[in-house]
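Colleague: This structure is in structure tokens; I'll ask about it shortly.
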Amino acid sequence: MIYDDWTSLDLAYAHATDYLHGLRKRPVGATAGTEELVKLLGGPMPAEPISGTATIELLEQVVAEGGIPTASGPRYFGYVTGGTLPVAIAADWLVSAWDQTASLYNLSPAIAVAEHVAAQWILELLGLPEHASVGFPTGCTMAHLTALAAARHKLLAELDWDVERDGLPGAPRITIIGGALRHITIDFATRYLGFGSGNTKVVAVDDEGRMRPDALRQVLAECEGPAIVCAQIGDVNSGAIDPVGEICDIAHEYGAWVHIDGAFGLWAAASPALRHLVSGVERADSWACDAHKWLNVPYDCGIVVVAHPEAHRAAMLNERPGYLPARTPGERDAIEWVPDFSRRARSLPIWAVLRTLGAKGVAELVERCCANTRRFAEGLLRIPDAELLNEVVLNQVMVRFGDDDELTRAVIDRLQHSGCCWFGGTVWYGRAAMRVSTVNWQTTEEDVDVALAAIRAAVADVYASDGVELVDHPNRNEALHS
Ligand SMILES: *Cc1c(COP(=O)(O)O)cnc(C)c1O
């Protein structure tokens with residue numbers, strides 16, 4: 001019998017814990033290229049079965065030799081990836097082992113209730129309306145899709161148009177409004193929903209990238225018919241936060257729906273120390289957020305919250321075929337709140353983290369990352385010719401070295417191959433920049449200091465390759481940012 005290789009589970013457990021305990025010692029960044037990886041993983045598809053144990057052994061070898069980039073390690077500062085808390089991984093393992101479909105209450109009452117509890121806790125933690133409905137899609141992109149589908153339903157139903165039945169052809173036109181620096185996934189969602197991303201009305205932003213309320217008012221005043229305003233908490237580069245309270249008030253004056261992209265930034269609402277940054281956020285109509293970034297649960301796990309549960313449900317599942325049970329009040333059927341039909345119980349790691357950390361622990365996780373970012377900012381300012389490009393409000397800082405884009409790109413390239421730490425690049429208002437994102441519970445002050453030393457060394461190296469010596473001198477923006 002080839003199916004019952006239970007020892008592969010023990011082996012996987014041993015390799016997984018080895019990997020996690022050794023994370024700090026592994027090189028941060030890929031050490032093997034495609035060719036080596038294909039050699040390890042590829043070849044012709046086997047005609048005959050082998051043991052599961054052998055397959056798991058091979059996977060372990062791929063990570064050991066193939067150097068899978070440790071994007072979840074404590075000195076990975078690229079993108080906004082987040083780490084994973086041990087209890088979240090443990091819960092996720094159980095989700096796989098139990099393999100219960102988290103779609104309907106009667107498929108797994110335990111999962112349905114855990115998901116309901118996680119939903120209520122999230123509303124409380126983020127200070128969102130307690131009557132709101134909550135779904136757990138794969139990520140923030142699908143959270144946008146779900147929320148904007150709910151918005152589309154409600155705005156068109158108010159004009160007597162049944163969009164679920166009749167679609168968009170001939171429907172009253174809905175205007176999508178977003179800030180100039182909205183995340184690209186807002187555009188994905190508007191595309192999927194048939195609005196067309198090219199039709200989005202763009203609102204001007206200030207020099208930190210925040211939507212300007214006066215500009216929003218002007219766009220709304222010129223707009224005919226229903227509108228959806230997409231505001232942002234936590235720009236993917238700078239962490240900048242739109243003035244969401246004011247945006248909600250202006251948009252609601254015009255009868256528009258307000259959707260918040262708070263993929264990572266919305267977690268600021270969970271911190272009493274940072275909550276003021278997002279004041280008024282509870283007045284929006286829908287929110288999209290990720291758990292797989294700042295809450296440090298494994299991929300993939302997003303959160304969608306809608307202040308209008310009937311619209312939310314109508315957009316997802318408003319008719320049930322005969323083989324599905326009728327809706328029973330008090331019993332959660334997840335298929336009413338996400339686009340998926342069959343799905344894994346991805347909400348369980350969220351429940352486990354909230355149950356374990358409590359409100360205080362989540363606040364500390366968020367604040368700890370912000371403190372690490374401030375430590376980065378202060379340390380970067382001590383590197384000659386480093387220039388910070390944003391006001392540090394959350395967990396993001398951008399830095400640039402010297403006046404030449406190539407210099408900054410060369411520093412990033414060196415760091416990405418250093419094995420010590422990993423940073424990504426970006427373009428900020430036309431200038432090359434290095435992004436620093438701290439979203440991992442494991443990152444310590446020491447990790448930050450080690451990374452800062454590596455950055456300084458990389459800058460010195462790049463200078464040296466141009467025959468220039470890196471000399472300390474009063475930093476150009478020390479006065480600006482101190
Ligand atoms: C990451 C991110 C998204 C997309 O989230 P996914 O979970 O990758 O779908 C959207 N908006 C912002 C601001 C983000 O940082």
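Each chain in the structure tokens gets a letter, A, B and so on, in the order shown; residues start at 1 in every chain, and ligands are counted from 1 in the order they appear.
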Please, which residues in chain A fall within 8 Å of ligand 1 when counting only C-alpha atoms and all ligand atoms, and what is the closest atom pair and distance in Å to one decimal for each, ordered by chain then residue number, as a tab-separated table?

Modeller:
```
residue	atom	partner	partner_atom_place_in_ligand_line	distance
A:Val80	CA	ligand 1	15 (O)	6.4
A:Thr81	CA	ligand 1	1 (C)	7.9
A:Thr138	CA	ligand 1	7 (O)	7.0
A:Gly139	CA	ligand 1	7 (O)	3.6
A:Cys140	CA	ligand 1	5 (O)	3.8
A:Thr141	CA	ligand 1	9 (O)	3.7
A:Met142	CA	ligand 1	9 (O)	6.3
A:Ala143	CA	ligand 1	9 (O)	7.7
A:Arg182	CA	ligand 1	13 (C)	7.5
A:His183	CA	ligand 1	11 (N)	5.0
A:Ile184	CA	ligand 1	10 (C)	7.2
A:Thr185	CA	ligand 1	10 (C)	5.5
A:Ile186	CA	ligand 1	10 (C)	7.2
A:Gln232	CA	ligand 1	13 (C)	6.9
A:Ile233	CA	ligand 1	13 (C)	7.1
A:Gly234	CA	ligand 1	13 (C)	5.8
A:Asp235	CA	ligand 1	13 (C)	5.3
A:Val236	CA	ligand 1	15 (O)	4.7
A:Asp261	CA	ligand 1	11 (N)	5.7
A:Gly262	CA	ligand 1	13 (C)	6.0
A:Ala263	CA	ligand 1	12 (C)	4.6
A:Phe264	CA	ligand 1	15 (O)	5.9
A:Gly265	CA	ligand 1	13 (C)	7.5
A:Cys289	CA	ligand 1	5 (O)	7.5
A:Asp290	CA	ligand 1	7 (O)	5.6
A:His292	CA	ligand 1	7 (O)	7.1
A:Lys293	CA	ligand 1	1 (C)	7.6
A:Asp300	CA	ligand 1	7 (O)	7.4
A:Cys301	CA	ligand 1	7 (O)	7.2
A:Gly302	CA	ligand 1	7 (O)	6.1
```

Colleague: Can I get the selected residues back with N, CA and C atoms, as a JSON list (two decimals), in the first residue's frame?

Modeller:
```
[["chain", "number", "residue", "atom", "x", "y", "z"],
["A", 80, "VAL", "N", 6.10, 43.48, 2.53],
["A", 80, "VAL", "CA", 5.52, 43.59, 3.90],
["A", 80, "VAL", "C", 5.05, 42.17, 4.22],
["A", 81, "THR", "N", 6.01, 41.30, 4.54],
["A", 81, "THR", "CA", 5.62, 39.88, 4.54],
["A", 81, "THR", "C", 5.18, 39.32, 5.90],
["A", 138, "THR", "N", -8.61, 34.76, 1.18],
["A", 138, "THR", "CA", -7.19, 34.39, 1.12],
["A", 138, "THR", "C", -6.25, 35.54, 1.45],
["A", 139, "GLY", "N", -6.69, 36.76, 1.21],
["A", 139, "GLY", "CA", -5.81, 37.90, 1.46],
["A", 139, "GLY", "C", -6.57, 39.20, 1.25],
["A", 140, "CYS", "N", -5.81, 40.27, 1.26],
["A", 140, "CYS", "CA", -6.44, 41.59, 1.16],
["A", 140, "CYS", "C", -7.06, 41.82, -0.22],
["A", 141, "THR", "N", -6.44, 41.26, -1.25],
["A", 141, "THR", "CA", -6.99, 41.44, -2.60],
["A", 141, "THR", "C", -8.41, 40.89, -2.66],
["A", 142, "MET", "N", -8.60, 39.68, -2.15],
["A", 142, "MET", "CA", -9.93, 39.08, -2.18],
["A", 142, "MET", "C", -10.86, 39.76, -1.18],
["A", 143, "ALA", "N", -10.28, 40.37, -0.15],
["A", 143, "ALA", "CA", -11.09, 41.16, 0.78],
["A", 143, "ALA", "C", -11.63, 42.40, 0.05],
["A", 182, "ARG", "N", -2.96, 54.62, -4.24],
["A", 182, "ARG", "CA", -3.68, 53.41, -3.80],
["A", 182, "ARG", "C", -2.88, 52.17, -4.20],
["A", 183, "HIS", "N", -3.11, 51.09, -3.46],
["A", 183, "HIS", "CA", -2.40, 49.85, -3.78],
["A", 183, "HIS", "C", -2.96, 49.25, -5.07],
["A", 184, "ILE", "N", -2.10, 48.60, -5.81],
["A", 184, "ILE", "CA", -2.50, 48.06, -7.12],
["A", 184, "ILE", "C", -3.65, 47.06, -7.01],
["A", 185, "THR", "N", -3.80, 46.43, -5.83],
["A", 185, "THR", "CA", -4.86, 45.42, -5.69],
["A", 185, "THR", "C", -6.26, 46.04, -5.65],
["A", 186, "ILE", "N", -6.35, 47.33, -5.37],
["A", 186, "ILE", "CA", -7.65, 48.00, -5.49],
["A", 186, "ILE", "C", -8.06, 47.94, -6.97],
["A", 232, "GLN", "N", -6.88, 54.59, 2.23],
["A", 232, "GLN", "CA", -5.80, 53.67, 2.58],
["A", 232, "GLN", "C", -5.22, 53.96, 3.96],
["A", 233, "ILE", "N", -4.99, 52.91, 4.70],
["A", 233, "ILE", "CA", -4.27, 53.03, 5.97],
["A", 233, "ILE", "C", -3.01, 52.19, 5.83],
["A", 234, "GLY", "N", -1.89, 52.85, 5.66],
["A", 234, "GLY", "CA", -0.64, 52.12, 5.50],
["A", 234, "GLY", "C", -0.24, 51.97, 4.04],
["A", 235, "ASP", "N", 0.38, 53.01, 3.49],
["A", 235, "ASP", "CA", 0.92, 52.91, 2.13],
["A", 235, "ASP", "C", 2.02, 51.85, 2.13],
["A", 236, "VAL", "N", 2.04, 51.06, 1.05],
["A", 236, "VAL", "CA", 2.94, 49.91, 1.01],
["A", 236, "VAL", "C", 4.42, 50.33, 1.07],
["A", 261, "ASP", "N", -8.54, 50.28, 2.59],
["A", 261, "ASP", "CA", -7.47, 49.30, 2.40],
["A", 261, "ASP", "C", -6.51, 49.45, 3.58],
["A", 262, "GLY", "N", -6.65, 48.51, 4.51],
["A", 262, "GLY", "CA", -5.78, 48.57, 5.69],
["A", 262, "GLY", "C", -4.98, 47.29, 5.81],
["A", 263, "ALA", "N", -4.46, 46.82, 4.68],
["A", 263, "ALA", "CA", -3.82, 45.50, 4.60],
["A", 263, "ALA", "C", -2.95, 45.21, 5.82],
["A", 264, "PHE", "N", -2.03, 46.12, 6.11],
["A", 264, "PHE", "CA", -1.26, 45.93, 7.35],
["A", 264, "PHE", "C", -1.56, 47.05, 8.35],
["A", 265, "GLY", "N", -1.80, 48.27, 7.80],
["A", 265, "GLY", "CA", -1.92, 49.44, 8.66],
["A", 265, "GLY", "C", -3.11, 49.42, 9.61],
["A", 289, "CYS", "N", -8.23, 43.81, 5.25],
["A", 289, "CYS", "CA", -7.04, 43.72, 6.08],
["A", 289, "CYS", "C", -6.41, 42.34, 5.88],
["A", 290, "ASP", "N", -5.17, 42.22, 6.28],
["A", 290, "ASP", "CA", -4.49, 40.93, 6.21],
["A", 290, "ASP", "C", -4.15, 40.43, 7.60],
["A", 292, "HIS", "N", -2.07, 37.63, 7.46],
["A", 292, "HIS", "CA", -0.78, 37.02, 7.15],
["A", 292, "HIS", "C", 0.38, 38.02, 7.11],
["A", 293, "LYS", "N", 0.09, 39.29, 7.24],
["A", 293, "LYS", "CA", 1.19, 40.25, 7.35],
["A", 293, "LYS", "C", 1.45, 40.54, 8.83],
["A", 300, "ASP", "N", -2.29, 31.55, 3.65],
["A", 300, "ASP", "CA", -2.81, 32.84, 3.26],
["A", 300, "ASP", "C", -4.04, 33.15, 4.10],
["A", 301, "CYS", "N", -4.15, 34.40, 4.52],
["A", 301, "CYS", "CA", -5.25, 34.73, 5.43],
["A", 301, "CYS", "C", -5.56, 36.22, 5.44],
["A", 302, "GLY", "N", -6.70, 36.57, 4.88],
["A", 302, "GLY", "CA", -7.16, 37.96, 4.86],
["A", 302, "GLY", "C", -8.43, 38.12, 5.68]]
```

Colleague: Of the candidates A:Asp404, A:Leu107, A:Val87, A:Trp257, which one gets nearest to Leu357 (chain A) if we count only C-alpha atoms?

Modeller: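 Closest candidate: A:Val87.
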
Colleague: Neighbouring residues of region 317-327 of chain A were defined as those with any atom within 9 Å, considering only C-alpha atoms; residues of the same chain fewer than 4 positions away were excluded. Please report them as a ChimeraX atom specification.

Modeller: /A:104,106,312-313,331-333,335-339

Colleague: Would you mind exporting the chosen residues as a short mmCIF file (atom, residue, chain, number, x, y, z; two decimals), in the first residue's frame, restricted to all heavy atoms?

Modeller:
```
data_model
loop_
_atom_site.label_atom_id
_atom_site.label_comp_id
_atom_site.auth_asym_id
_atom_site.auth_seq_id
_atom_site.Cartn_x
_atom_site.Cartn_y
_atom_site.Cartn_z
N LEU A 104 -19.67 25.64 5.80
CA LEU A 104 -21.02 25.59 6.38
C LEU A 104 -20.93 25.15 7.83
O LEU A 104 -20.06 24.35 8.20
CB LEU A 104 -21.86 24.55 5.63
CG LEU A 104 -22.15 24.82 4.16
CD1 LEU A 104 -22.66 23.55 3.49
CD2 LEU A 104 -23.17 25.95 4.03
N ASN A 106 -22.81 23.09 9.30
CA ASN A 106 -23.00 21.64 9.48
C ASN A 106 -21.85 20.79 8.94
O ASN A 106 -21.83 19.59 9.12
CB ASN A 106 -24.38 21.19 8.98
CG ASN A 106 -24.43 20.94 7.48
OD1 ASN A 106 -23.47 21.22 6.76
ND2 ASN A 106 -25.56 20.44 7.01
N HIS A 312 -23.48 42.54 2.10
CA HIS A 312 -22.36 41.60 2.05
C HIS A 312 -22.87 40.22 1.65
O HIS A 312 -22.36 39.59 0.71
CB HIS A 312 -21.72 41.58 3.44
CG HIS A 312 -20.44 40.82 3.55
ND1 HIS A 312 -19.70 40.78 4.71
CD2 HIS A 312 -19.74 40.04 2.67
CE1 HIS A 312 -18.61 40.04 4.54
NE2 HIS A 312 -18.63 39.57 3.32
N ARG A 313 -23.91 39.78 2.34
CA ARG A 313 -24.45 38.45 2.06
C ARG A 313 -25.04 38.39 0.65
O ARG A 313 -24.81 37.42 -0.09
CB ARG A 313 -25.53 38.12 3.09
CG ARG A 313 -26.22 36.80 2.84
CD ARG A 313 -27.36 36.58 3.81
NE ARG A 313 -26.92 36.14 5.12
CZ ARG A 313 -27.27 36.70 6.27
NH1 ARG A 313 -28.07 37.76 6.28
NH2 ARG A 313 -26.83 36.23 7.42
N GLU A 331 -26.10 30.34 13.50
CA GLU A 331 -25.12 29.41 12.96
C GLU A 331 -24.40 30.06 11.79
O GLU A 331 -25.04 30.50 10.85
CB GLU A 331 -25.79 28.10 12.52
CG GLU A 331 -26.35 27.32 13.70
CD GLU A 331 -26.98 26.00 13.30
OE1 GLU A 331 -26.98 25.67 12.09
OE2 GLU A 331 -27.47 25.31 14.20
N ARG A 332 -23.06 30.09 11.84
CA ARG A 332 -22.30 30.79 10.82
C ARG A 332 -22.02 29.87 9.64
O ARG A 332 -21.42 28.81 9.79
CB ARG A 332 -20.97 31.27 11.41
CG ARG A 332 -20.11 32.00 10.41
CD ARG A 332 -18.76 32.38 11.01
NE ARG A 332 -17.89 32.92 9.99
CZ ARG A 332 -17.80 34.21 9.67
NH1 ARG A 332 -18.53 35.10 10.31
NH2 ARG A 332 -17.00 34.62 8.71
N ASP A 333 -22.45 30.32 8.46
CA ASP A 333 -22.07 29.65 7.22
C ASP A 333 -21.09 30.57 6.50
O ASP A 333 -21.48 31.61 5.96
CB ASP A 333 -23.29 29.39 6.33
CG ASP A 333 -24.18 28.30 6.89
OD1 ASP A 333 -23.68 27.43 7.63
OD2 ASP A 333 -25.39 28.33 6.58
N ILE A 335 -19.71 30.56 3.74
CA ILE A 335 -19.93 30.86 2.31
C ILE A 335 -20.74 32.12 2.08
O ILE A 335 -20.78 32.64 0.98
CB ILE A 335 -20.64 29.70 1.55
CG1 ILE A 335 -21.81 29.18 2.35
CG2 ILE A 335 -19.69 28.59 1.19
CD1 ILE A 335 -22.70 28.25 1.52
N GLU A 336 -21.38 32.64 3.13
CA GLU A 336 -22.12 33.89 2.96
C GLU A 336 -21.20 35.11 2.95
O GLU A 336 -21.64 36.20 2.61
CB GLU A 336 -23.13 34.06 4.12
CG GLU A 336 -24.22 33.03 4.09
CD GLU A 336 -25.32 33.32 5.09
OE1 GLU A 336 -25.02 33.82 6.20
OE2 GLU A 336 -26.49 33.06 4.78
N TRP A 337 -19.95 34.94 3.35
CA TRP A 337 -19.10 36.12 3.57
C TRP A 337 -17.84 36.15 2.72
O TRP A 337 -17.04 37.09 2.81
CB TRP A 337 -18.72 36.20 5.06
CG TRP A 337 -19.90 36.03 5.97
CD1 TRP A 337 -20.08 35.04 6.89
CD2 TRP A 337 -21.08 36.85 6.04
NE1 TRP A 337 -21.29 35.20 7.53
CE2 TRP A 337 -21.93 36.30 7.02
CE3 TRP A 337 -21.51 38.00 5.36
CZ2 TRP A 337 -23.16 36.85 7.35
CZ3 TRP A 337 -22.76 38.55 5.68
CH2 TRP A 337 -23.55 37.97 6.66
N VAL A 338 -17.57 35.11 1.95
CA VAL A 338 -16.37 35.09 1.08
C VAL A 338 -16.73 34.52 -0.28
O VAL A 338 -17.74 33.83 -0.42
CB VAL A 338 -15.24 34.22 1.71
CG1 VAL A 338 -14.58 34.93 2.88
CG2 VAL A 338 -15.74 32.85 2.11
N PRO A 339 -15.88 34.78 -1.28
CA PRO A 339 -16.18 34.26 -2.62
C PRO A 339 -15.96 32.75 -2.75
O PRO A 339 -16.42 32.16 -3.72
CB PRO A 339 -15.22 35.01 -3.54
CG PRO A 339 -14.61 36.09 -2.74
CD PRO A 339 -14.71 35.68 -1.31
#
```

Colleague: Can you pull out every residue within 10 Å of Ala315 (chain A), counting only C-alpha atoms, but drop anything in the same chain fewer than 6 positions away, and send it as a list in words?

Modeller: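 So the residues in contact are Thr146, Ala147, Leu148, Ala149, Ala150, Ala151, Arg152, His153, Lys154, Val163, Glu164, Pro309, Glu336, Trp337, Val338 and Pro339 of chain A.
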
Colleague: Mind checking DSSP for region 381-465 of chain A and telling me the alpha helix (DSSP H) residues as a PyMOL selection string?

Modeller: chain A and resi 405-416+445-465

Colleague: Please produce a file of the residues just selected, as a PDB file, in the first residue's frame, where the atoms kept are C-alpha atoms.

Modeller:
```pdb
ATOM      1  CA  ASP A 405      19.545  56.355  -8.317  1.00  0.00           C
ATOM      2  CA  GLU A 406      22.219  53.843  -9.319  1.00  0.00           C
ATOM      3  CA  LEU A 407      23.954  54.196  -5.982  1.00  0.00           C
ATOM      4  CA  THR A 408      20.820  53.249  -4.039  1.00  0.00           C
ATOM      5  CA  ARG A 409      20.118  50.351  -6.407  1.00  0.00           C
ATOM      6  CA  ALA A 410      23.671  49.089  -6.007  1.00  0.00           C
ATOM      7  CA  VAL A 411      23.350  49.146  -2.219  1.00  0.00           C
ATOM      8  CA  ILE A 412      20.084  47.170  -2.400  1.00  0.00           C
ATOM      9  CA  ASP A 413      21.669  44.646  -4.749  1.00  0.00           C
ATOM     10  CA  ARG A 414      24.627  44.154  -2.411  1.00  0.00           C
ATOM     11  CA  LEU A 415      22.368  43.660   0.585  1.00  0.00           C
ATOM     12  CA  GLN A 416      20.153  41.181  -1.272  1.00  0.00           C
ATOM     13  CA  GLU A 445      16.767  45.456  18.366  1.00  0.00           C
ATOM     14  CA  GLU A 446      19.933  43.473  17.807  1.00  0.00           C
ATOM     15  CA  ASP A 447      18.671  42.313  14.401  1.00  0.00           C
ATOM     16  CA  VAL A 448      18.058  45.951  13.509  1.00  0.00           C
ATOM     17  CA  ASP A 449      21.579  46.899  14.589  1.00  0.00           C
ATOM     18  CA  VAL A 450      23.112  44.012  12.640  1.00  0.00           C
ATOM     19  CA  ALA A 451      21.146  45.082   9.570  1.00  0.00           C
ATOM     20  CA  LEU A 452      22.200  48.711  10.018  1.00  0.00           C
ATOM     21  CA  ALA A 453      25.849  47.670  10.141  1.00  0.00           C
ATOM     22  CA  ALA A 454      25.329  45.643   6.951  1.00  0.00           C
ATOM     23  CA  ILE A 455      23.737  48.638   5.244  1.00  0.00           C
ATOM     24  CA  ARG A 456      26.624  50.874   6.240  1.00  0.00           C
ATOM     25  CA  ALA A 457      29.106  48.291   4.957  1.00  0.00           C
ATOM     26  CA  ALA A 458      27.197  47.968   1.680  1.00  0.00           C
ATOM     27  CA  VAL A 459      27.225  51.741   1.175  1.00  0.00           C
ATOM     28  CA  ALA A 460      30.964  51.837   1.938  1.00  0.00           C
ATOM     29  CA  ASP A 461      31.560  49.004  -0.539  1.00  0.00           C
ATOM     30  CA  VAL A 462      29.661  50.719  -3.307  1.00  0.00           C
ATOM     31  CA  TYR A 463      31.554  53.946  -2.657  1.00  0.00           C
ATOM     32  CA  ALA A 464      34.854  52.061  -2.608  1.00  0.00           C
ATOM     33  CA  SER A 465      34.079  50.462  -5.975  1.00  0.00           C
TER      34      SER A 465
END
```

Colleague: I need the residue nearest Leu145 (chain A) from this list: A:Ala256, A:Ala288, A:Val392, A:Val297. Use only C-alpha atoms for the distance.

Modeller: A:Ala288

Colleague: Just give me the gap between CA of Glu222 (chain A) and CA of Asp166 (chain A) in Å, one decimal is fine.

Modeller: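 Distance between the two atoms: 27.6 Å.
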
Colleague: Write out as a PyMOL selection string each polymer residue whose atoms come within 10 Å of Val113 (chain A), counting only C-alpha atoms; drop sequence neighbours fewer than 3 positions from it.

Modeller: chain A and resi 105+108-110+116-119+330-333

Colleague: What is the CA of Cys421 (chain A)-CA of Arg368 (chain A) distance in Å, reported with one decimal?

Modeller: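 Those two atoms sit 18.8 Å apart.
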
Colleague: Return as JSON, numbers by chain the full set of residues in region 334-434 of chain A whose backbone-based DSSP assignment is strand (DSSP E or B).

Modeller: {"A": [386, 387, 388, 396, 397, 398, 399, 400, 401, 419, 422, 424, 425, 426, 427, 428, 431, 432, 433, 434]}

Colleague: What gap, in Å, lies between CA of Ile176 (chain A) and CA of Asn395 (chain A)?

Modeller: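 About the pair CA of Ile176 (chain A) and CA of Asn395 (chain A): they are 28.4 Å apart.
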
Colleague: Looking at A:Ala268, A:Leu220, A:Ala284, A:Ala314, which one is nearest to Ala363 (chain A), with distances taken over only C-alpha atoms?

Modeller: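 Answer, going by the shortest atom-to-atom distance: A:Ala268.
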
Colleague: Considering only C-alpha atoms, return as a ChimeraX atom specification whatever protein or nucleic-acid residues lie within 9 Å of Val229 (chain A), sequence-local ones (same chain, fewer than 6 positions apart) excluded.

Modeller: /A:175-179,216,247-248,251,256-260

Colleague: Considering only C-alpha atoms, return as a short mmCIF file (atom, residue, chain, number, x, y, z; two decimals) with all heavy atoms, in the first residue's frame whatever protein or nucleic-acid residues lie within 10 Å of Asp5 (chain A), sequence-local ones (same chain, fewer than 3 positions apart) excluded.

Modeller:
```cif
data_model
loop_
_atom_site.label_atom_id
_atom_site.label_comp_id
_atom_site.auth_asym_id
_atom_site.auth_seq_id
_atom_site.Cartn_x
_atom_site.Cartn_y
_atom_site.Cartn_z
N MET A 1 0.85 -1.20 0.00
CA MET A 1 0.00 0.00 0.00
C MET A 1 0.90 1.26 0.00
O MET A 1 1.79 1.39 0.82
CB MET A 1 -0.86 -0.08 1.28
CG MET A 1 -1.66 1.16 1.53
SD MET A 1 -3.29 1.17 0.90
CE MET A 1 -4.03 2.26 2.12
N ILE A 2 0.66 2.13 -0.94
CA ILE A 2 1.55 3.30 -1.07
C ILE A 2 0.98 4.53 -0.38
O ILE A 2 1.66 5.54 -0.27
CB ILE A 2 1.78 3.64 -2.56
CG1 ILE A 2 0.44 3.81 -3.26
CG2 ILE A 2 2.63 2.58 -3.23
CD1 ILE A 2 0.54 4.46 -4.61
N SER A 8 5.97 9.99 7.17
CA SER A 8 6.30 11.27 6.53
C SER A 8 5.85 12.44 7.41
O SER A 8 6.44 13.52 7.36
CB SER A 8 5.71 11.36 5.12
OG SER A 8 4.33 11.15 5.16
N LEU A 9 4.83 12.23 8.23
CA LEU A 9 4.37 13.29 9.14
C LEU A 9 5.41 13.58 10.21
O LEU A 9 5.70 14.75 10.50
CB LEU A 9 3.06 12.88 9.82
CG LEU A 9 1.79 12.90 8.96
CD1 LEU A 9 0.62 12.35 9.76
CD2 LEU A 9 1.49 14.32 8.51
N SER A 51 8.07 6.29 -1.71
CA SER A 51 7.47 6.53 -0.39
C SER A 51 7.31 8.02 -0.15
O SER A 51 8.08 8.85 -0.67
CB SER A 51 8.37 5.93 0.69
OG SER A 51 9.53 6.72 0.83
N GLY A 52 6.30 8.37 0.64
CA GLY A 52 6.09 9.77 1.02
C GLY A 52 7.28 10.30 1.78
O GLY A 52 7.65 11.48 1.66
N THR A 53 7.90 9.43 2.55
CA THR A 53 9.07 9.82 3.34
C THR A 53 10.19 10.33 2.42
O THR A 53 10.81 11.36 2.69
CB THR A 53 9.59 8.60 4.14
OG1 THR A 53 8.47 7.95 4.71
CG2 THR A 53 10.53 9.03 5.23
#
```

Colleague: Restricting the calculation to only C-alpha atoms: of A:Leu23, A:Ile68, A:Leu156, A:Ile50, which residue gets closest to Tyr3 (chain A)?

Modeller: A:Ile50
